Amino acid sequence: MPTTIGRFAPSPSGRMHLGNIFAALMSYASAKSKGGKWILRIEDLDRQRCRPEYSQQIVDDLLWLGLTPDEGPGSAAGGPHGPYFQSLRDDIYAETFDRLQKAGLVYECFCRRQDLTASSAPHASDGHTIYARTCLNLAEAQKAELRLTRKPAWRILLPDEVSTFTDGHYGQQTANLAADRGDFYVRRSDGNFAYQLAVIVDDAMMGVNEVVRGRDLLPASHEQTFLLRSLGFEAPSYCHFPLLLSPDGARLSKRDRSLAMDRIREKLKPGELIGLMAWLVGLQPHWSPMTIDNFVASFNWDLIPREDITVDAAALF
Ligand code: GLU
């Protein structure tokens, strides 16, 4: 069996909250419980929203909890697959983009945001709008004219093909790529590469063979598997976990500060936070402190629920 290589890939767009640190812990425990390695990669492609001080806080929060990466920021040795900040990896993405372009797998899209949000447009299972392919068959002359006033984004051309993979926690997943998922961005009109391209390039180049993350990204794994295979890479195994929700049913968000890591660190010691998360996911019957090593030792996907988990900050502290 090859060594399991997992990763945590946060976006530094604010202080982490309970849901983010939960994602870190789940990916760490899944990899470590198999004797594997765990990489930290900072997904700071969105230059507007991401800030270096948030990246620093991510590293600090992880180390505080005892989650020391084997590679990437915060690790002892750095690692052989750097840089571990996506904002420093444009050359690598450009090379892959070039391959997609040469293979005829991408096309220019001149649509503006307001063109894309028509209420009649079909939506995918994760809520995103399925692109109507308005720009797919533009004539060269039309494109040349549009380029005079707009910079195009680039989308992948998905085949009318069924994609199937088995998620380690949610089981078999099936979708028609073109009809259910829709052509997605690989490069934005500002020239920045898009998440879907960067994430698969990085997972492949960093040797990641186990992707553990929240179930909101379960459907996107179809696109990622397709892209990986189109480029000749092997897809990792995917294992998604339930989301943490606030009592109103919304996902925990960085805007809601009640479960932000700075607040949590004022109230809890690392072992208390690990114990809280162990209790929330059913690894222990009540909330009592737990060491990181015990969390890893008791980690068992069979005990993790599939339904989302409600966390009431007011009732906890
Ligand atoms: N950077 C993404 C996020 O913070 C996670 C990407 C992934 O795990 O594939 O939501």
# chains A, B, ... in the order shown; residues from 1 in each chain; ligands from 1

call {"tool": "residues_near_ligand", "arguments": {"ligand": "ligand 1", "cutoff": "9 Å", "atoms": "only C-alpha atoms and all ligand atoms", "output": "PyMOL selection string"}}
result
chain A and resi 7-13+20+23+41-44+195-196+199-200+203+211-214+216-217+220-221

call {"tool": "residues_around", "arguments": {"residues": "Pro80 of chain A", "least_positions_apart": "2", "cutoff": "9 Å", "atoms": "only C-alpha atoms", "output": "MDAnalysis selection string"}}
result
chainID A and resid 71 77:78 82:83 206

call {"tool": "residues_around", "arguments": {"residues": "Arg47 of chain A", "least_positions_apart": "3", "cutoff": "9 Å", "atoms": "only C-alpha atoms", "output": "list in words"}}
result
Asp44, Cys50, Arg51, Ser87 and Asn192 of chain A

call {"tool": "residues_around", "arguments": {"residues": "Gly104 of chain A", "least_positions_apart": "6", "cutoff": "12 Å", "atoms": "only C-alpha atoms", "output": "compact mmCIF listing (two decimals) with N, CA and C atoms, in the first residue's frame"}}
result
# COMPACT_ATOMS: atom_id res chain seq x y z
N PHE A 97 -2.59 24.83 -18.05
CA PHE A 97 -3.59 25.53 -18.86
C PHE A 97 -3.23 25.41 -20.34
N ASP A 98 -1.95 25.57 -20.61
CA ASP A 98 -1.44 25.45 -21.97
C ASP A 98 -1.75 24.07 -22.56
N LEU A 136 -19.76 29.14 -26.54
CA LEU A 136 -19.05 27.99 -27.11
C LEU A 136 -18.88 28.09 -28.62
N TRP A 154 -11.88 31.60 -19.24
CA TRP A 154 -11.77 30.33 -19.96
C TRP A 154 -12.52 29.24 -19.22
N ARG A 155 -13.29 28.48 -19.99
CA ARG A 155 -14.04 27.38 -19.39
C ARG A 155 -13.59 26.06 -19.99
N ILE A 156 -13.77 25.03 -19.23
CA ILE A 156 -13.48 23.68 -19.72
C ILE A 156 -14.71 23.19 -20.49
N LEU A 157 -14.49 22.50 -21.57
CA LEU A 157 -15.60 21.92 -22.33
C LEU A 157 -15.83 20.50 -21.84
N LEU A 158 -16.95 20.31 -21.14
CA LEU A 158 -17.21 18.99 -20.56
C LEU A 158 -17.95 18.10 -21.55
N SER A 230 -8.13 13.80 -17.67
CA SER A 230 -7.83 14.39 -18.98
C SER A 230 -6.36 14.75 -19.11

call {"tool": "residues_around", "arguments": {"residues": "Leu148 of chain A", "least_positions_apart": "6", "cutoff": "12 Å", "atoms": "only C-alpha atoms", "output": "number ranges by chain"}}
result
A: 110, 141-142

call {"tool": "write_last_selection", "arguments": {"atoms": "N, CA and C atoms", "output": "PDB file, in the first residue's frame"}}
result
ATOM      1  N   PHE A 110     -17.036  35.151 -22.697  1.00  0.00           N
ATOM      2  CA  PHE A 110     -17.085  36.611 -22.542  1.00  0.00           C
ATOM      3  C   PHE A 110     -18.270  37.061 -21.682  1.00  0.00           C
ATOM      4  N   ALA A 141     -14.613  35.907 -35.805  1.00  0.00           N
ATOM      5  CA  ALA A 141     -14.781  37.354 -35.972  1.00  0.00           C
ATOM      6  C   ALA A 141     -15.493  37.962 -34.757  1.00  0.00           C
ATOM      7  N   GLN A 142     -16.484  37.245 -34.254  1.00  0.00           N
ATOM      8  CA  GLN A 142     -17.213  37.744 -33.063  1.00  0.00           C
ATOM      9  C   GLN A 142     -16.278  37.799 -31.863  1.00  0.00           C
TER      10      GLN A 142
END
